[in-house]
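The block underneath contains the structure these notes are about, expressed in structure tokens.
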Amino acid sequence: MSVSIGKPAPDFEAKAWQRGAEDPETVALSAFRGKWVVLFFYPHDFTVVCPTELSAFAIMAKDFEGEDAVLIGATTDSFLSHKAWFESDPRLESVQYPVLADTERVVSDAFGVLLEDGSAARGTFILDPDGVVRHITVNGLGVGRNVDETLRVLRALRTGELCPVAWQPGQSTLSGHDEWLAKALPRLPREALAEAAKELQTIRYAAGDIVFREGDPPDRFYIITAGEVEVIRPDENSGNKVITTLQSGEFFGEIGLFTEARRGASVRAKTDLEALAMDRPTFWRVVASSQNISADLAQISRERLARG
């Protein structure tokens, strides 16, 4: 059996070396459902290229853990071979993740990386929390894989969005921008929608973070894609008064841009927040693209000012 992108990974239960254990540990892939899994195969113990990869994964283990992912190494060598190598080679002393001893070559064959000589190719597989294969790479035996790239791909997959070439965390993604913009501004012409969507940037805030404060210069327009925000103003009695709460699909920040006045209220993330941000020049191109949009934003601004 071989694996394919978008298909469930073949389940397995195999013996593995685990640091600190005198005897083989049993590792079942199904035990990691709910987690991302990075499963990587390498040819043999006591080789030249393999320890550079194994130690690189170990050094970056915390980064993978931070992405809710577990690392599993695998090769067709035995548990005793693993134990002798991993517990004697100083380059591997930081390896804490399990390493499968696939001596019967069942797992390597199931994942399509078993070579004619009985070793495993340098295959890397990223499985999502449902056990579905989301990424596959296989390197030639003489070329070590790029662990930084594996982490980058994992992070991109976890966004659930379309990520452009060489995307890095914090950069804008592409998925759904036009849909969110169309939801917020349904009368925006299609051509203007397509152009504006290219300029949107995904931003994230933790619950309690201030997106902007009263008196700040207006610089961006925001569409909420996940979470909630509170619009607040100072109050003589309570310190801060919540004017309104906005949820996914709603927008804010248009009043300052539309009136060209400093922010008239503060906006705080009520929950963990994800939003699409549009800069001032793009906002004004959107406004200029349609009298309907200009009228809609003007009306919404007047209603919000009247409420607050």
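Order determines the names: the first chain of the structure tokens is A, the second B, and so forth; residues in each chain are numbered 1 upward, and ligands are numbered 1 upward as they are shown.
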
Compile the contact shell of Leu29 of chain A as a list in words: residues with an atom at most 10 Å away, counting only C-alpha atoms, same-chain residues fewer than 6 positions apart removed.
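My list of contacting residues is Ala9, Pro10, Asp11, Phe12, Glu13, Ala14, Val37, Leu39, Ile72 and Gly131 of chain A.
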
Exercise. Could you give me, as an MDAnalysis selection string, the residues within 10 Å of Pro186 of chain A, counting only C-alpha atoms and dropping anything in the same chain fewer than 4 positions from it?
Key: chainID A and resid 179:182 190 193 292:293 296

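Minimum atom-to-atom distances from A:Leu273, A:Ala206, A:Val147, A:Val95 to Tyr222 of chain A were compared using only C-alpha atoms, and the lowest value belongs to A:Leu273.
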
ask   = So what do you get for atom CA of Leu80 of chain A versus atom CA of Thr26 of chain A, distance-wise?
value =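 So the two atoms, atom CA of Leu80 of chain A and atom CA of Thr26 of chain A, lie 14.6 Å apart.
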
**Item:** Close residues, segment 252-266 of chain A itself excluded, 6 Å, only C-alpha atoms, min 6 positions apart in chain, as an NGL selection string
**Value:** :A and (212-218 or 221-222 or 231-233 or 301)

Hey, can you spit out that residue selection with N, CA and C atoms as a PDB file, in the first residue's frame?
```pdb
ATOM      1  N   PHE A 212      -6.598  48.909  18.586  1.00  0.00           N
ATOM      2  CA  PHE A 212      -6.177  50.317  18.535  1.00  0.00           C
ATOM      3  C   PHE A 212      -6.867  51.058  19.679  1.00  0.00           C
ATOM      4  N   ARG A 213      -6.314  52.231  20.007  1.00  0.00           N
ATOM      5  CA  ARG A 213      -6.813  53.008  21.136  1.00  0.00           C
ATOM      6  C   ARG A 213      -7.488  54.293  20.662  1.00  0.00           C
ATOM      7  N   GLU A 214      -8.393  54.784  21.479  1.00  0.00           N
ATOM      8  CA  GLU A 214      -9.021  56.071  21.220  1.00  0.00           C
ATOM      9  C   GLU A 214      -7.930  57.133  21.080  1.00  0.00           C
ATOM     10  N   GLY A 215      -8.019  57.923  20.032  1.00  0.00           N
ATOM     11  CA  GLY A 215      -7.032  58.963  19.776  1.00  0.00           C
ATOM     12  C   GLY A 215      -5.938  58.558  18.814  1.00  0.00           C
ATOM     13  N   ASP A 216      -5.831  57.259  18.506  1.00  0.00           N
ATOM     14  CA  ASP A 216      -4.836  56.818  17.530  1.00  0.00           C
ATOM     15  C   ASP A 216      -5.209  57.328  16.136  1.00  0.00           C
ATOM     16  N   PRO A 217      -4.223  57.583  15.300  1.00  0.00           N
ATOM     17  CA  PRO A 217      -4.537  57.948  13.904  1.00  0.00           C
ATOM     18  C   PRO A 217      -5.109  56.732  13.185  1.00  0.00           C
ATOM     19  N   PRO A 218      -6.107  56.925  12.347  1.00  0.00           N
ATOM     20  CA  PRO A 218      -6.697  55.792  11.627  1.00  0.00           C
ATOM     21  C   PRO A 218      -5.774  55.316  10.513  1.00  0.00           C
ATOM     22  N   PHE A 221      -8.612  49.320   8.117  1.00  0.00           N
ATOM     23  CA  PHE A 221      -9.982  48.845   8.187  1.00  0.00           C
ATOM     24  C   PHE A 221      -9.906  47.343   8.458  1.00  0.00           C
ATOM     25  N   TYR A 222     -10.767  46.809   9.320  1.00  0.00           N
ATOM     26  CA  TYR A 222     -10.645  45.421   9.769  1.00  0.00           C
ATOM     27  C   TYR A 222     -11.942  44.641   9.513  1.00  0.00           C
ATOM     28  N   VAL A 231     -15.893  47.281  21.440  1.00  0.00           N
ATOM     29  CA  VAL A 231     -15.628  48.694  21.202  1.00  0.00           C
ATOM     30  C   VAL A 231     -15.868  49.403  22.533  1.00  0.00           C
ATOM     31  N   ILE A 232     -14.850  50.093  23.047  1.00  0.00           N
ATOM     32  CA  ILE A 232     -14.933  50.661  24.394  1.00  0.00           C
ATOM     33  C   ILE A 232     -14.569  52.143  24.395  1.00  0.00           C
ATOM     34  N   ARG A 233     -15.158  52.859  25.359  1.00  0.00           N
ATOM     35  CA  ARG A 233     -14.841  54.262  25.577  1.00  0.00           C
ATOM     36  C   ARG A 233     -14.702  54.495  27.067  1.00  0.00           C
ATOM     37  N   SER A 301     -21.393  54.291   9.369  1.00  0.00           N
ATOM     38  CA  SER A 301     -20.640  55.185  10.247  1.00  0.00           C
ATOM     39  C   SER A 301     -21.594  56.096  11.032  1.00  0.00           C
TER      40      SER A 301
END
```

Using only C-alpha atoms, the best pick from A:Glu274, A:Pro189, A:Gly34, A:Ala184 as closest to Glu228 of chain A would be A:Glu274
